[in-house]
Amino acid sequence: MIRKLAHLCFITNDLDQLVAFYRDALGLEVKFRFHAADGSVFGAYVACGDTTFVEFFDQHLSAKQWGGNLDPLTTGSRFGHLCFEVTGLADYRAALIARGVSVGEIRNGSDGSLQAWLADPDGHRIELMEYTHRSAQLAPGKDGALRFAK
């Protein structure tokens, strides 16, 4: 079942500037950053209280890491996805499928959380995420790093 909104994801062409705004201007903490195998930073998780976050990815570097769309970013086109924190992801996924909702397989996310993906009728991507004991979102400390192999 859905527990709460976990995070919103936005895409940018100036990751440093965007993170600096949320960190320095708004006073939010950078929980961790996403690092590619070559050491480049392609994303950041910014804490908004409790276990709610805003996630930012550099469009070109994240596409290099995972693939994806490289259409020009314009005002209003930078929304990536929304994520709901859930409990009992496997049971919730099964209930959605029983209601006729198409939901992807459950997999381990790069942040240590379980996740499954779907889309709403307008095509907005929705992530369902269940935190685990390995979830970076729950780790102590701040401004950590998640490193990815190519």
# chains A, B, ... in the order shown; residues from 1 in each chain; ligands from 1
call {"tool": "residues_around", "arguments": {"residues": "range 97-114 of chain A", "least_positions_apart": "4", "cutoff": "6 Å", "atoms": "only C-alpha atoms", "output": "PyMOL selection string"}}
result
chain A and resi 118+129-132+134-136
call {"tool": "write_last_selection", "arguments": {"atoms": "N, CA and C atoms", "output": "compact mmCIF listing (two decimals), in the first residue's frame"}}
result
# COMPACT_ATOMS: atom_id res chain seq x y z
N LEU A 118 5.37 1.90 -13.37
CA LEU A 118 4.14 1.91 -14.15
C LEU A 118 3.96 3.32 -14.71
N MET A 129 8.35 2.38 -4.66
CA MET A 129 9.62 2.06 -4.01
C MET A 129 9.38 1.60 -2.58
N GLU A 130 10.02 0.49 -2.23
CA GLU A 130 10.00 0.01 -0.85
C GLU A 130 11.41 0.07 -0.32
N TYR A 131 11.59 0.83 0.76
CA TYR A 131 12.91 0.93 1.37
C TYR A 131 13.30 -0.41 1.98
N THR A 132 14.59 -0.70 1.94
CA THR A 132 15.15 -1.90 2.56
C THR A 132 16.25 -1.47 3.54
N ARG A 134 19.21 -1.71 3.06
CA ARG A 134 20.32 -1.21 2.25
C ARG A 134 20.01 0.12 1.57
N SER A 135 18.84 0.68 1.77
CA SER A 135 18.44 1.91 1.08
C SER A 135 19.31 3.09 1.49
N ALA A 136 19.89 3.75 0.50
CA ALA A 136 20.73 4.92 0.76
C ALA A 136 19.93 6.04 1.41
call {"tool": "atom_distance", "arguments": {"atom1": "CA of Ser62 in chain A", "atom2": "CA of Phe84 in chain A"}}
result
21.4 Å
call {"tool": "select_by_dssp", "arguments": {"residues": "chain A", "states": "strand (DSSP E)", "output": "PyMOL selection string"}}
result
chain A and resi 2-12+30-35+41-47+53-58+79-86+107-108+114-119+125-130+144-147
call {"tool": "closest_residue", "arguments": {"among": "A:Lys4, A:His81, A:Thr87, A:Leu96", "to": "Gly123 in chain A", "atoms": "only C-alpha atoms"}}
result
A:His81
call {"tool": "residues_around", "arguments": {"residues": "Glu29 in chain A", "least_positions_apart": "3", "cutoff": "7 Å", "atoms": "only C-alpha atoms", "output": "PDB file with C-alpha atoms, in the first residue's frame"}}
result
ATOM      1  CA  ARG A  23      21.012  23.352  -0.790  1.00  0.00           C
ATOM      2  CA  VAL A  46      18.054  16.259  -1.670  1.00  0.00           C
ATOM      3  CA  ALA A  47      16.261  15.659   1.643  1.00  0.00           C
TER       4      ALA A  47
END
call {"tool": "residues_around", "arguments": {"residues": "Phe56 in chain A", "least_positions_apart": "5", "cutoff": "12 Å", "atoms": "only C-alpha atoms", "output": "ChimeraX atom specification"}}
result
/A:7-22,30-34,41-47,61-62,78-82
call {"tool": "decode", "arguments": {"residues": "range 27-114 of chain A", "atoms": "C-alpha atoms", "output": "PDB file, in the first residue's frame"}}
result
ATOM      1  CA  GLY A  27      18.697  25.166   3.053  1.00  0.00           C
ATOM      2  CA  LEU A  28      17.981  21.534   2.198  1.00  0.00           C
ATOM      3  CA  GLU A  29      20.544  18.774   2.802  1.00  0.00           C
ATOM      4  CA  VAL A  30      22.125  16.771  -0.007  1.00  0.00           C
ATOM      5  CA  LYS A  31      21.581  13.193   1.161  1.00  0.00           C
ATOM      6  CA  PHE A  32      23.685  11.523  -1.545  1.00  0.00           C
ATOM      7  CA  ARG A  33      24.942  11.908  -5.105  1.00  0.00           C
ATOM      8  CA  PHE A  34      24.993   9.457  -8.002  1.00  0.00           C
ATOM      9  CA  HIS A  35      28.503   8.832  -9.393  1.00  0.00           C
ATOM     10  CA  ALA A  36      29.221   7.067 -12.696  1.00  0.00           C
ATOM     11  CA  ALA A  37      32.095   4.603 -13.034  1.00  0.00           C
ATOM     12  CA  ASP A  38      34.293   7.424 -14.369  1.00  0.00           C
ATOM     13  CA  GLY A  39      33.630   9.439 -11.196  1.00  0.00           C
ATOM     14  CA  SER A  40      31.362  12.030 -12.795  1.00  0.00           C
ATOM     15  CA  VAL A  41      28.333  13.098 -10.744  1.00  0.00           C
ATOM     16  CA  PHE A  42      25.121  12.639 -12.713  1.00  0.00           C
ATOM     17  CA  GLY A  43      22.493  13.001 -10.002  1.00  0.00           C
ATOM     18  CA  ALA A  44      21.686  14.080  -6.464  1.00  0.00           C
ATOM     19  CA  TYR A  45      19.125  13.281  -3.781  1.00  0.00           C
ATOM     20  CA  VAL A  46      18.054  16.259  -1.670  1.00  0.00           C
ATOM     21  CA  ALA A  47      16.261  15.659   1.643  1.00  0.00           C
ATOM     22  CA  CYS A  48      12.970  17.460   2.293  1.00  0.00           C
ATOM     23  CA  GLY A  49      12.326  16.056   5.770  1.00  0.00           C
ATOM     24  CA  ASP A  50      11.752  12.568   7.125  1.00  0.00           C
ATOM     25  CA  THR A  51      12.193  10.237   4.111  1.00  0.00           C
ATOM     26  CA  THR A  52      10.865  12.585   1.435  1.00  0.00           C
ATOM     27  CA  PHE A  53      13.250  13.799  -1.269  1.00  0.00           C
ATOM     28  CA  VAL A  54      13.679  15.675  -4.520  1.00  0.00           C
ATOM     29  CA  GLU A  55      15.858  13.808  -7.018  1.00  0.00           C
ATOM     30  CA  PHE A  56      17.782  15.589  -9.772  1.00  0.00           C
ATOM     31  CA  PHE A  57      19.569  14.092 -12.775  1.00  0.00           C
ATOM     32  CA  ASP A  58      21.761  15.713 -15.401  1.00  0.00           C
ATOM     33  CA  GLN A  59      20.025  14.880 -18.673  1.00  0.00           C
ATOM     34  CA  HIS A  60      23.092  13.986 -20.739  1.00  0.00           C
ATOM     35  CA  LEU A  61      25.098  12.217 -18.040  1.00  0.00           C
ATOM     36  CA  SER A  62      22.152  10.123 -16.850  1.00  0.00           C
ATOM     37  CA  ALA A  63      21.345   9.178 -20.465  1.00  0.00           C
ATOM     38  CA  LYS A  64      24.983   8.134 -20.860  1.00  0.00           C
ATOM     39  CA  GLN A  65      24.656   5.985 -17.724  1.00  0.00           C
ATOM     40  CA  TRP A  66      21.199   4.459 -18.299  1.00  0.00           C
ATOM     41  CA  GLY A  67      20.068   5.527 -21.761  1.00  0.00           C
ATOM     42  CA  GLY A  68      17.080   7.766 -22.286  1.00  0.00           C
ATOM     43  CA  ASN A  69      15.591  10.746 -24.009  1.00  0.00           C
ATOM     44  CA  LEU A  70      17.787  13.688 -25.061  1.00  0.00           C
ATOM     45  CA  ASP A  71      15.055  15.992 -26.359  1.00  0.00           C
ATOM     46  CA  PRO A  72      15.781  19.657 -25.638  1.00  0.00           C
ATOM     47  CA  LEU A  73      14.668  20.652 -22.161  1.00  0.00           C
ATOM     48  CA  THR A  74      12.184  23.514 -22.038  1.00  0.00           C
ATOM     49  CA  THR A  75      10.207  25.078 -19.228  1.00  0.00           C
ATOM     50  CA  GLY A  76       7.696  22.512 -18.046  1.00  0.00           C
ATOM     51  CA  SER A  77       9.431  19.513 -19.648  1.00  0.00           C
ATOM     52  CA  ARG A  78      11.849  18.741 -16.841  1.00  0.00           C
ATOM     53  CA  PHE A  79       9.627  16.465 -14.771  1.00  0.00           C
ATOM     54  CA  GLY A  80      11.056  12.942 -14.763  1.00  0.00           C
ATOM     55  CA  HIS A  81       8.752  10.855 -12.560  1.00  0.00           C
ATOM     56  CA  LEU A  82       7.019  10.712  -9.217  1.00  0.00           C
ATOM     57  CA  CYS A  83       7.713   8.034  -6.660  1.00  0.00           C
ATOM     58  CA  PHE A  84       5.475   6.626  -3.970  1.00  0.00           C
ATOM     59  CA  GLU A  85       6.988   4.942  -0.942  1.00  0.00           C
ATOM     60  CA  VAL A  86       5.094   1.695  -0.396  1.00  0.00           C
ATOM     61  CA  THR A  87       5.049  -1.102   2.119  1.00  0.00           C
ATOM     62  CA  GLY A  88       4.582  -4.666   0.928  1.00  0.00           C
ATOM     63  CA  LEU A  89       5.589  -3.911  -2.658  1.00  0.00           C
ATOM     64  CA  ALA A  90       5.037  -7.466  -3.902  1.00  0.00           C
ATOM     65  CA  ASP A  91       1.490  -7.607  -2.497  1.00  0.00           C
ATOM     66  CA  TYR A  92       0.658  -4.098  -3.699  1.00  0.00           C
ATOM     67  CA  ARG A  93       1.965  -4.898  -7.187  1.00  0.00           C
ATOM     68  CA  ALA A  94      -0.183  -8.062  -7.271  1.00  0.00           C
ATOM     69  CA  ALA A  95      -3.250  -6.049  -6.208  1.00  0.00           C
ATOM     70  CA  LEU A  96      -2.628  -3.499  -8.960  1.00  0.00           C
ATOM     71  CA  ILE A  97      -2.244  -6.231 -11.570  1.00  0.00           C
ATOM     72  CA  ALA A  98      -5.509  -7.795 -10.323  1.00  0.00           C
ATOM     73  CA  ARG A  99      -7.157  -4.391 -10.976  1.00  0.00           C
ATOM     74  CA  GLY A 100      -5.859  -4.440 -14.552  1.00  0.00           C
ATOM     75  CA  VAL A 101      -2.918  -2.087 -14.041  1.00  0.00           C
ATOM     76  CA  SER A 102       0.251  -2.875 -16.005  1.00  0.00           C
ATOM     77  CA  VAL A 103       3.205  -2.842 -13.572  1.00  0.00           C
ATOM     78  CA  GLY A 104       6.804  -3.789 -14.319  1.00  0.00           C
ATOM     79  CA  GLU A 105       8.712  -6.457 -12.435  1.00  0.00           C
ATOM     80  CA  ILE A 106      10.143  -5.703  -9.000  1.00  0.00           C
ATOM     81  CA  ARG A 107      13.867  -5.086  -9.121  1.00  0.00           C
ATOM     82  CA  ASN A 108      16.619  -3.834  -6.852  1.00  0.00           C
ATOM     83  CA  GLY A 109      17.282  -0.171  -7.492  1.00  0.00           C
ATOM     84  CA  SER A 110      20.736   1.360  -7.567  1.00  0.00           C
ATOM     85  CA  ASP A 111      19.964   3.038  -4.233  1.00  0.00           C
ATOM     86  CA  GLY A 112      19.376  -0.302  -2.466  1.00  0.00           C
ATOM     87  CA  SER A 113      15.572   0.000  -2.531  1.00  0.00           C
ATOM     88  CA  LEU A 114      13.065  -2.280  -4.245  1.00  0.00           C
TER      89      LEU A 114
END
